[in-house]
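The data block below is coords_16.cif; it holds mmCIF, C-alpha atoms.
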```
data_protein
#
loop_
_atom_site.label_atom_id
_atom_site.label_comp_id
_atom_site.auth_asym_id
_atom_site.auth_seq_id
_atom_site.Cartn_x
_atom_site.Cartn_y
_atom_site.Cartn_z
CA MET A 21 81.35 86.34 31.30
CA ALA A 22 80.28 88.47 34.17
CA GLU A 23 83.84 88.64 35.49
CA SER A 24 85.28 89.93 32.25
CA GLY A 25 82.69 92.71 32.27
CA PHE A 26 83.66 93.62 35.82
CA GLN A 27 87.36 93.66 35.02
CA SER A 28 87.00 95.95 32.06
CA SER A 29 84.93 98.44 33.99
CA VAL A 30 87.44 98.51 36.84
CA SER A 31 90.70 98.61 34.95
CA SER A 32 89.57 101.47 32.69
CA ASP A 33 89.33 103.90 35.58
CA PRO A 34 91.53 103.79 38.69
CA ARG A 35 88.89 105.67 40.68
CA ALA A 36 86.36 102.88 40.07
CA GLY A 37 86.07 100.73 43.15
CA THR A 38 86.94 97.05 43.05
CA PHE A 39 85.05 94.23 44.72
CA LEU A 40 87.56 94.32 47.61
CA ASP A 41 87.14 98.10 47.94
CA GLY A 42 83.43 97.52 48.32
CA LEU A 43 84.00 94.75 50.84
CA TRP A 44 86.25 97.06 52.88
CA ALA A 45 83.69 99.85 52.68
CA SER A 46 81.09 97.45 54.05
CA LEU A 47 83.04 96.94 57.30
CA PRO A 48 81.26 99.65 59.32
CA ILE A 49 77.92 98.39 58.02
CA ALA A 50 78.81 94.81 58.91
CA LEU A 51 79.89 95.80 62.42
CA GLY A 52 76.61 97.63 62.85
CA TYR A 53 74.52 94.86 61.34
CA VAL A 54 75.83 91.97 63.43
CA PRO A 55 74.43 93.12 66.80
CA ILE A 56 71.09 94.14 65.28
CA ALA A 57 70.78 90.88 63.38
CA PHE A 58 71.87 89.09 66.54
CA ALA A 59 69.03 90.79 68.41
CA PHE A 60 66.65 89.75 65.63
CA GLY A 61 67.79 86.13 65.91
CA VAL A 62 67.24 86.17 69.65
CA ALA A 63 63.80 87.76 69.24
CA ALA A 64 62.83 85.29 66.52
CA ARG A 65 63.53 82.35 68.80
CA GLY A 66 61.59 84.17 71.50
CA VAL A 67 58.39 84.16 69.42
CA GLY A 68 58.79 80.50 68.57
CA LEU A 69 60.59 80.52 65.22
CA THR A 70 63.18 77.85 64.55
CA LEU A 71 66.78 78.75 63.73
CA ALA A 72 66.11 77.93 60.07
CA GLU A 73 63.00 80.15 59.98
CA ALA A 74 64.87 83.06 61.60
CA VAL A 75 67.74 82.79 59.12
CA ALA A 76 65.30 82.37 56.21
CA LEU A 77 63.59 85.64 57.13
CA SER A 78 66.96 87.41 57.19
CA VAL A 79 68.37 86.02 53.95
CA ILE A 80 65.12 86.08 51.93
CA LEU A 81 63.31 89.13 53.30
CA TYR A 82 66.53 91.09 54.18
CA SER A 83 65.03 94.23 55.65
CA GLY A 84 65.74 94.87 59.32
CA GLY A 85 62.76 96.96 60.34
CA ALA A 86 60.32 94.81 58.40
CA GLN A 87 61.74 91.66 59.96
CA PHE A 88 61.13 92.87 63.51
CA VAL A 89 57.59 93.85 62.54
CA ALA A 90 57.19 90.42 60.92
CA LEU A 91 57.96 88.83 64.27
CA ALA A 92 55.30 90.93 65.97
CA LEU A 93 52.77 90.02 63.27
CA ILE A 94 53.60 86.32 63.43
CA ALA A 95 53.46 86.34 67.23
CA SER A 96 50.09 88.13 67.25
CA GLY A 97 48.64 85.69 64.72
CA ALA A 98 47.84 88.42 62.19
CA PRO A 99 46.22 87.22 58.93
CA PHE A 100 48.73 86.34 56.22
CA LEU A 101 47.63 89.01 53.74
CA VAL A 102 47.60 91.73 56.39
CA SER A 103 51.14 90.77 57.37
CA ALA A 104 52.33 90.69 53.76
CA PHE A 105 50.85 94.07 52.84
CA THR A 106 52.16 95.70 56.03
CA LEU A 107 55.68 94.46 55.39
CA ILE A 108 55.58 95.36 51.69
CA ALA A 109 54.47 98.90 52.56
CA MET A 110 57.46 99.23 54.89
CA GLY A 111 59.82 98.72 51.94
CA LEU A 112 58.39 101.49 49.76
CA ARG A 113 61.14 103.95 50.69
CA HIS A 114 63.59 101.80 48.73
CA LEU A 115 61.93 103.04 45.52
CA LEU A 116 63.82 106.30 45.98
CA TYR A 117 67.30 104.79 46.26
CA GLY A 118 67.89 103.38 42.77
CA PRO A 119 67.14 106.57 40.82
CA ALA A 120 69.08 108.76 43.28
CA LEU A 121 72.11 106.46 43.14
CA MET A 122 72.13 106.00 39.36
CA ARG A 123 71.60 109.71 38.75
CA ARG A 124 74.67 110.41 40.89
CA ALA A 125 76.60 107.59 39.23
CA GLY A 126 76.30 109.28 35.83
CA PRO A 127 75.07 108.19 32.40
CA ALA A 128 78.08 105.91 31.74
CA ALA A 129 77.47 103.80 34.83
CA SER A 130 76.84 100.15 34.02
CA ARG A 131 73.61 98.60 35.27
CA ARG A 132 74.15 95.27 33.58
CA HIS A 133 74.20 93.36 36.85
CA ALA A 134 71.92 95.66 38.79
CA TRP A 135 69.37 92.85 39.06
CA ALA A 136 71.86 91.15 41.40
CA TRP A 137 73.60 93.93 43.36
CA ALA A 138 70.41 95.97 43.81
CA TRP A 139 69.17 93.17 46.06
CA GLY A 140 71.61 94.46 48.67
CA LEU A 141 70.61 98.12 48.31
CA THR A 142 69.60 98.62 51.91
CA ASP A 143 69.49 101.98 53.70
CA GLU A 144 73.08 101.62 54.86
CA VAL A 145 74.44 100.31 51.57
CA PHE A 146 72.73 103.14 49.68
CA GLY A 147 74.15 105.73 52.07
CA THR A 148 77.65 104.27 51.91
CA ALA A 149 77.59 104.05 48.10
CA LEU A 150 76.39 107.63 47.80
CA GLY A 151 79.05 108.80 50.26
CA ALA A 152 81.76 107.03 48.25
CA LEU A 153 80.57 108.72 45.04
CA ALA A 154 80.54 112.09 46.79
CA ARG A 155 84.17 111.56 47.84
CA GLY A 156 85.23 111.00 44.24
CA ARG A 157 84.84 107.24 43.85
CA ARG A 158 83.68 106.27 40.36
CA PHE A 159 80.60 104.03 40.33
CA SER A 160 81.33 100.40 39.57
CA GLU A 161 79.29 97.25 39.86
CA PRO A 162 82.08 95.20 41.51
CA PHE A 163 82.22 97.82 44.28
CA MET A 164 78.46 97.54 44.72
CA PHE A 165 78.74 93.74 44.87
CA GLY A 166 81.46 93.90 47.53
CA LEU A 167 79.60 96.49 49.55
CA GLY A 168 76.34 94.58 49.39
CA LEU A 169 77.84 91.17 50.02
CA GLY A 170 79.71 92.25 53.16
CA ALA A 171 76.56 93.71 54.62
CA TYR A 172 74.42 90.73 53.57
CA LEU A 173 76.75 88.13 55.05
CA ALA A 174 76.98 90.08 58.30
CA TRP A 175 73.21 90.25 58.51
CA GLY A 176 72.76 86.54 57.88
CA ALA A 177 75.60 85.52 60.20
CA GLY A 178 74.40 87.82 62.98
CA THR A 179 70.91 86.33 62.75
CA ALA A 180 72.24 82.79 62.90
CA MET A 181 74.42 83.60 65.92
CA GLY A 182 71.53 85.26 67.74
CA ALA A 183 69.10 82.47 66.98
CA TYR A 184 71.68 79.93 68.11
CA ALA A 185 72.75 81.76 71.27
CA GLY A 186 69.30 82.70 72.52
CA SER A 187 68.53 85.50 74.95
CA GLY A 188 71.05 87.14 77.28
CA ALA A 189 74.15 86.39 75.22
CA LEU A 190 75.53 89.95 75.52
CA ALA A 191 74.06 90.63 78.95
CA ALA A 192 77.47 90.23 80.62
CA TRP A 193 79.01 92.96 78.43
CA PRO A 194 76.60 95.93 78.48
CA ALA A 195 79.27 98.43 77.35
CA VAL A 196 80.03 96.30 74.28
CA GLU A 197 76.31 96.02 73.58
CA ALA A 198 75.95 99.81 73.95
CA GLY A 199 78.91 100.52 71.64
CA LEU A 200 77.61 98.14 68.99
CA GLY A 201 74.18 99.73 69.33
CA PHE A 202 75.68 103.09 68.42
CA MET A 203 77.40 101.73 65.31
CA LEU A 204 74.60 102.57 62.85
CA PRO A 205 73.92 106.11 64.14
CA ALA A 206 77.70 106.69 63.99
CA LEU A 207 77.80 105.37 60.42
CA PHE A 208 74.93 107.58 59.28
CA LEU A 209 76.50 110.62 60.95
CA ALA A 210 79.86 109.96 59.27
CA LEU A 211 78.10 109.47 55.93
CA LEU A 212 76.19 112.69 56.47
CA LEU A 213 79.46 114.54 57.05
CA SER A 214 80.88 113.05 53.87
CA VAL A 215 78.07 114.42 51.68
CA LEU A 216 77.34 117.61 53.61
CA SER A 217 77.40 121.05 52.01
CA ARG A 218 75.93 124.42 53.00
CA ALA A 219 73.36 124.20 50.20
CA GLN A 220 71.92 121.01 51.68
CA LEU A 221 71.32 122.35 55.18
CA PRO A 222 67.64 123.26 54.47
CA VAL A 223 67.09 119.75 53.07
CA LEU A 224 68.60 118.16 56.17
CA ALA A 225 66.70 120.43 58.56
CA VAL A 226 63.35 119.66 56.92
CA ALA A 227 64.13 115.94 56.81
CA ALA A 228 65.10 115.90 60.49
CA VAL A 229 62.05 117.82 61.68
CA ALA A 230 59.68 115.67 59.58
CA THR A 231 61.31 112.46 60.83
CA VAL A 232 61.03 113.41 64.49
CA ALA A 233 57.50 114.79 64.19
CA VAL A 234 56.03 111.86 62.26
CA THR A 235 57.91 109.25 64.31
CA LEU A 236 56.59 110.69 67.57
CA ALA A 237 53.09 111.22 66.19
CA TRP A 238 52.71 107.99 64.24
CA SER A 239 55.48 105.39 63.79
CA GLY A 240 59.14 104.95 62.99
CA THR A 241 58.43 103.57 59.53
CA ALA A 242 56.16 106.49 58.65
CA GLY A 243 58.81 108.84 60.07
CA LEU A 244 61.47 107.41 57.74
CA LEU A 245 59.30 107.83 54.66
CA ALA A 246 58.12 111.30 55.71
CA GLY A 247 61.66 112.51 56.42
CA MET A 248 63.03 111.35 53.09
CA ILE A 249 60.15 112.72 51.02
CA ALA A 250 59.94 116.02 52.93
CA GLY A 251 63.69 116.54 52.59
CA ALA A 252 63.63 115.75 48.88
CA VAL A 253 60.66 118.10 48.34
CA ALA A 254 62.61 120.79 50.20
CA GLY A 255 65.38 120.22 47.66
CA VAL A 256 62.89 120.82 44.82
CA LEU A 257 61.69 124.08 46.39
CA ASN A 258 65.23 125.22 47.16
CA ARG A 259 66.14 126.34 43.63
CA LYS A 260 69.48 127.81 44.68
CA GLY A 261 70.45 124.79 46.68
CA VAL A 262 70.91 121.18 45.76
CA ARG A 263 72.24 120.26 42.34
CA ASP A 264 73.39 116.87 41.17
CA ALA A 265 76.49 116.67 43.34
CA PRO A 266 75.51 115.70 46.87
CA MET B 62 60.03 75.12 58.33
CA ARG B 63 56.48 76.42 58.37
CA LEU B 64 55.10 77.15 54.92
CA GLU B 65 53.46 80.43 56.00
CA VAL B 66 56.78 81.83 57.28
CA LEU B 67 58.57 80.82 54.09
CA ALA B 68 55.77 82.23 51.90
CA LEU B 69 55.78 85.51 53.82
CA ALA B 70 59.56 85.82 53.41
CA LEU B 71 59.38 85.02 49.69
CA ILE B 72 56.53 87.42 48.86
CA VAL B 73 57.90 90.36 50.87
CA GLY B 74 61.46 89.58 49.78
CA ALA B 75 60.41 89.61 46.11
CA CYS B 76 58.74 92.99 46.57
CA ASN B 77 61.80 94.36 48.37
CA TRP B 78 63.98 93.20 45.50
CA ALA B 79 61.64 94.86 42.98
CA PHE B 80 61.61 98.11 44.98
CA ARG B 81 65.41 98.14 45.02
CA TYR B 82 66.10 96.95 41.48
CA VAL B 83 63.39 98.22 39.11
CA PRO B 84 64.00 101.96 39.80
CA THR B 85 67.69 101.53 38.89
CA ARG B 86 66.54 100.87 35.30
CA ALA B 87 64.90 104.27 34.96
CA ASN B 88 66.67 106.44 32.39
CA LEU B 89 67.01 109.75 34.19
CA HIS B 90 70.07 111.20 32.54
CA GLU B 91 68.18 113.00 29.81
CA LEU B 92 66.30 115.08 32.32
CA PRO B 93 67.22 118.77 32.06
CA SER B 94 69.60 119.94 34.75
CA GLY B 95 67.76 121.96 37.36
CA SER B 96 64.36 120.45 36.62
CA PRO B 97 62.14 119.60 39.61
CA VAL B 98 62.72 115.85 39.14
CA THR B 99 66.49 116.38 38.98
CA ARG B 100 66.43 118.48 42.14
CA PHE B 101 64.22 115.92 43.87
CA LEU B 102 66.66 113.11 43.06
CA ALA B 103 69.70 115.17 44.01
CA ALA B 104 68.14 115.97 47.38
CA THR B 105 66.99 112.40 48.01
CA GLY B 106 70.45 111.16 49.05
CA PRO B 107 71.23 113.80 51.69
CA ALA B 108 67.61 113.72 52.88
CA ALA B 109 67.69 109.92 53.22
CA ILE B 110 70.99 109.86 55.09
CA GLY B 111 69.87 112.68 57.40
CA THR B 112 66.59 110.90 58.03
CA LEU B 113 68.33 107.62 58.80
CA PHE B 114 70.70 109.32 61.25
CA VAL B 115 67.84 111.01 63.09
CA ALA B 116 65.73 107.84 63.09
CA SER B 117 68.59 105.69 64.40
CA ALA B 118 69.65 108.20 67.07
CA LEU B 119 66.12 108.96 68.28
CA PRO B 120 65.76 105.79 70.40
CA LEU B 121 69.11 106.61 72.06
CA VAL B 122 67.91 110.14 72.88
CA ASN B 123 64.66 108.77 74.27
CA ASP B 124 66.45 106.07 76.29
CA ARG B 125 65.71 106.84 79.92
CA SER B 126 67.44 103.72 81.24
CA GLY B 127 70.98 105.08 80.99
CA PRO B 128 73.11 108.23 80.78
CA ALA B 129 71.86 109.06 77.29
CA THR B 130 73.06 112.66 77.00
CA LEU B 131 76.67 112.00 78.02
CA THR B 132 77.14 108.80 76.05
CA LEU B 133 75.41 110.15 72.95
CA GLY B 134 77.36 113.40 73.17
CA THR B 135 80.63 111.48 73.50
CA GLY B 136 79.82 109.22 70.56
CA VAL B 137 78.67 112.07 68.30
CA GLY B 138 81.67 114.20 69.35
CA ALA B 139 84.07 111.38 68.54
CA VAL B 140 82.56 110.90 65.07
CA LEU B 141 82.79 114.63 64.32
CA LEU B 142 86.34 114.91 65.61
CA ILE B 143 87.72 111.79 63.96
CA TYR B 144 85.99 112.49 60.65
CA ALA B 145 87.45 116.02 60.63
CA ALA B 146 90.90 114.57 61.30
CA THR B 147 90.84 111.56 58.97
CA ARG B 148 88.03 112.14 56.43
CA SER B 149 87.39 108.40 56.74
CA VAL B 150 83.83 107.17 57.22
CA ALA B 151 85.01 103.76 58.48
CA VAL B 152 87.47 105.12 61.05
CA ALA B 153 85.03 107.77 62.28
CA THR B 154 82.27 105.18 62.66
CA LEU B 155 84.43 102.78 64.63
CA ALA B 156 85.79 105.61 66.81
CA GLY B 157 82.26 106.80 67.53
CA ALA B 158 81.10 103.35 68.61
CA LEU B 159 84.23 102.89 70.72
CA ALA B 160 83.74 106.26 72.41
CA TYR B 161 80.06 105.56 73.01
CA GLY B 162 80.77 102.17 74.55
CA GLY B 163 83.65 103.60 76.58
CA ALA B 164 81.53 106.43 77.95
CA PHE B 165 78.79 103.95 78.80
CA TRP B 166 81.31 101.78 80.66
CA LEU B 167 82.82 104.74 82.56
CA VAL B 168 79.45 106.07 83.66
CA ALA B 169 78.14 102.64 84.61
CA ALA B 170 81.30 101.75 86.58
#
```

So that I can check it, write out the structure of this file as structure tokens.
Amino acid sequence: MAESGFQSSVSSDPRAGTFLDGLWASLPIALGYVPIAFAFGVAARGVGLTLAEAVALSVILYSGGAQFVALALIASGAPFLVSAFTLIAMGLRHLLYGPALMRRAGPAASRRHAWAWAWGLTDEVFGTALGALARGRRFSEPFMFGLGLGAYLAWGAGTAMGAYAGSGALAAWPAVEAGLGFMLPALFLALLLSVLSRAQLPVLAVAAVATVAVTLAWSGTAGLLAGMIAGAVAGVLNRKGVRDAP
Amino acid sequence: MRLEVLALALIVGACNWAFRYVPTRANLHELPSGSPVTRFLAATGPAAIGTLFVASALPLVNDRSGPATLTLGTGVGAVLLIYAATRSVAVATLAGALAYGGAFWLVAA
């Protein structure tokens, strides 16, 4: 039943992405995720988690920053509730992604299976989906499934490889490690270029300044939230600037 | 598997899913164009992507263990150049990572 719904939404509009289009679009994310997830797997074993526990955190929790903080909390013996509330608070920025994406997708966009594909709506998946819409791709749920699945599998596989390999696996290839480490900044920069317009420059400037200031003064997580909210508020104040099209 | 690790993953994972899914159900298309909420949502995407770029590049800028300026400049330059030439996010991303790793290798050699 689900498949027939997907097919009809795809075949009616050639600009609507297919599942394979989404999978292809997830390639840069996947290449960026594997080394980070690998590092998480290594770190998880380092604090005493088993391979199964490391992979469980990645496939159930599925939030990179929160997972690394989870390791620190587990290693420090923090109380369970403190750990849970800290990690939940780190995910609050995701509240912004759904409305922004669906607003850009348009009123005809199907959300029938959003309960499933929204699970994979990470920072990178959100950015890639928004970039695709900005370049003229019509929103489709199969595309979102492909995009999310590619990223999710890469994250889980990277974690498993890291937890299995243990520390020092990439130590012999520092240039490869460095290149892989630049994958996500490169992805975000390319996405930024794909949605950039003159009207959004004030939004980006405010977001960048807020991110740097709050990150240096407080923490990376607070910096992320501050940058996104400050940039969006700048968009509200900039009446001549941002409209619906990113 | 320890129960506390599994419980932590399940509770936080459930909240993450709710944060990602529930807001997609909001009906925002009847909002008047140009309203503050509309402008906020329209600016959220660019602001989020800009924030994520700055946040992910910041540790590389602060990295004092290697030739950060040269490698970062090479990687960023490659992304800008290749995106301008191809208009492809995937190709520009891969080229940027390749250039960054290559510059790192050249400087370290």

I'd like the interatomic distance between CA of Ser130 (chain A) and CA of Ser149 (chain B), to a tenth of an Å.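 CA of Ser149 (chain B) lies at a distance of 26.4 Å from CA of Ser130 (chain A).
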
For the file shown, report as a PDB file with C-alpha atoms, keeping the file's coordinate frame the outcome of the PyMOL selection byres ((chain A and resi 198) around 12) at residue level.
```pdb
ATOM      1  CA  GLY A  52      76.610  97.630  62.850  1.00  0.00           C
ATOM      2  CA  PRO A  55      74.430  93.120  66.800  1.00  0.00           C
ATOM      3  CA  ILE A  56      71.090  94.140  65.280  1.00  0.00           C
ATOM      4  CA  LEU A 190      75.530  89.950  75.520  1.00  0.00           C
ATOM      5  CA  ALA A 191      74.060  90.630  78.950  1.00  0.00           C
ATOM      6  CA  ALA A 192      77.470  90.230  80.620  1.00  0.00           C
ATOM      7  CA  TRP A 193      79.010  92.960  78.430  1.00  0.00           C
ATOM      8  CA  PRO A 194      76.600  95.930  78.480  1.00  0.00           C
ATOM      9  CA  ALA A 195      79.270  98.430  77.350  1.00  0.00           C
ATOM     10  CA  VAL A 196      80.030  96.300  74.280  1.00  0.00           C
ATOM     11  CA  GLU A 197      76.310  96.020  73.580  1.00  0.00           C
ATOM     12  CA  GLY A 199      78.910 100.520  71.640  1.00  0.00           C
ATOM     13  CA  LEU A 200      77.610  98.140  68.990  1.00  0.00           C
ATOM     14  CA  GLY A 201      74.180  99.730  69.330  1.00  0.00           C
ATOM     15  CA  PHE A 202      75.680 103.090  68.420  1.00  0.00           C
ATOM     16  CA  MET A 203      77.400 101.730  65.310  1.00  0.00           C
ATOM     17  CA  LEU A 204      74.600 102.570  62.850  1.00  0.00           C
ATOM     18  CA  PRO A 205      73.920 106.110  64.140  1.00  0.00           C
TER      19      PRO A 205
ATOM     20  CA  LEU B 121      69.110 106.610  72.060  1.00  0.00           C
ATOM     21  CA  ASP B 124      66.450 106.070  76.290  1.00  0.00           C
ATOM     22  CA  SER B 126      67.440 103.720  81.240  1.00  0.00           C
ATOM     23  CA  GLY B 127      70.980 105.080  80.990  1.00  0.00           C
ATOM     24  CA  PRO B 128      73.110 108.230  80.780  1.00  0.00           C
ATOM     25  CA  ALA B 129      71.860 109.060  77.290  1.00  0.00           C
ATOM     26  CA  THR B 132      77.140 108.800  76.050  1.00  0.00           C
ATOM     27  CA  LEU B 133      75.410 110.150  72.950  1.00  0.00           C
ATOM     28  CA  GLY B 136      79.820 109.220  70.560  1.00  0.00           C
ATOM     29  CA  GLY B 157      82.260 106.800  67.530  1.00  0.00           C
ATOM     30  CA  ALA B 158      81.100 103.350  68.610  1.00  0.00           C
ATOM     31  CA  LEU B 159      84.230 102.890  70.720  1.00  0.00           C
ATOM     32  CA  ALA B 160      83.740 106.260  72.410  1.00  0.00           C
ATOM     33  CA  TYR B 161      80.060 105.560  73.010  1.00  0.00           C
ATOM     34  CA  GLY B 162      80.770 102.170  74.550  1.00  0.00           C
ATOM     35  CA  GLY B 163      83.650 103.600  76.580  1.00  0.00           C
ATOM     36  CA  ALA B 164      81.530 106.430  77.950  1.00  0.00           C
ATOM     37  CA  PHE B 165      78.790 103.950  78.800  1.00  0.00           C
ATOM     38  CA  TRP B 166      81.310 101.780  80.660  1.00  0.00           C
ATOM     39  CA  ALA B 169      78.140 102.640  84.610  1.00  0.00           C
TER      40      ALA B 169
END
```

Work out how far CA of Leu167 (chain A) is from CA of Ile110 (chain B), in Å to one decimal.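 Here the two named atoms are 16.8 Å from each other.
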
Please enumerate the residues selected by the PyMOL selection byres ((chain A and resi 221-227) around 7) when evaluated against the supplied file, formatted as an MDAnalysis selection string. (chainID A and resid 217:220 228:231 247:248 250:252 254:255) or (chainID B and resid 104 107:108 111:112)

Report the distance between CA of Val145 (chain A) and CA of Val62 (chain A) in Å, rounded to one decimal place.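 Computing the Euclidean distance for CA of Val145 (chain A) and CA of Val62 (chain A) yields 24.1 Å.
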
Determine the residue membership of the PyMOL selection byres ((chain A and resi 110) around 10) for the file above and supply it as a list in words.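 Checked against the file, the PyMOL selection byres ((chain A and resi 110) around 10) matches Ser83, Gly85, Ala86, Val89, Phe105, Thr106, Leu107, Ile108, Ala109, Gly111, Leu112, Arg113, His114, Thr241, Ala242, Leu244 and Leu245 of chain A; Val73 and Asn77 of chain B.
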
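Residues in contact with Arg81 (chain B) at up to 7 Å, not including ones fewer than 6 positions away on its chain and judged by all atoms listed in the file, are His114, Leu115, Gly118, Ala138, Trp139 and Leu141 of chain A.
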
Identify which of the residues A:Ala50, A:Ile249, A:Ala63, A:Ala120 lies closest to Ala151 (chain B), counting only C-alpha atoms when measuring atom-to-atom distances.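 Of the candidates, the smallest distance to Ala151 (chain B) is held by A:Ala50.
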
Write out as a list in words which residues come within 9 Å of Gly140 (chain A) when counting only C-alpha atoms, dropping same-chain ones fewer than 4 positions away.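 My reading of the contact set: Tyr82, Ala136, Val145, Phe146, Met164, Phe165, Leu167, Gly168, Leu169, Ala171 and Tyr172 of chain A; Trp78 and Arg81 of chain B.
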
Using only C-alpha atoms: which of A:Ala98, A:Arg158, A:Asp41, A:Gly243 has the shortest distance to chain B: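 Checking each candidate against chain B, we get A:Gly243 as the closest.
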
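The neighbours of Ala125 (chain A) here are the residues that come within 6 Å of it, using all atoms listed in the file and leaving out any residue fewer than 3 positions away in the same chain; they are Met122, Ala129 and Phe159 of chain A.
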
I'd like the neighbourhood of Ala68 (chain B) as a PyMOL selection string, where a residue qualifies if any of its atoms comes within 12 Å (using all atoms listed in the file), though same-chain residues fewer than 3 positions away should be ignored. (chain A and resi 73+76-77+80-81+100-101+103-104) or (chain B and resi 62-65+71-75)

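Minimum distance to Glu144 (chain A) across A:Ile94, A:Ala57, A:Ala246, A:Leu211 (counting all atoms listed in the file) occurs at A:Leu211.
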
Using only C-alpha atoms, can you tell me which of B:Ala70, B:Ala139, B:Ala170, B:Ala79 comes closest to chain A? B:Ala70

Of the residues A:Ala59, A:Ala174, A:Ala233, A:Ala36, which is the one nearest to chain B, using only C-alpha atoms?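 Smallest separation from chain B among the options: A:Ala233.
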
So, counting all atoms listed in the file, which residue among A:Thr235, A:Thr179, A:Thr38, A:Ser160 is closest to chain B?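 Among A:Thr235, A:Thr179, A:Thr38, A:Ser160, it is A:Thr235 that comes nearest to chain B.
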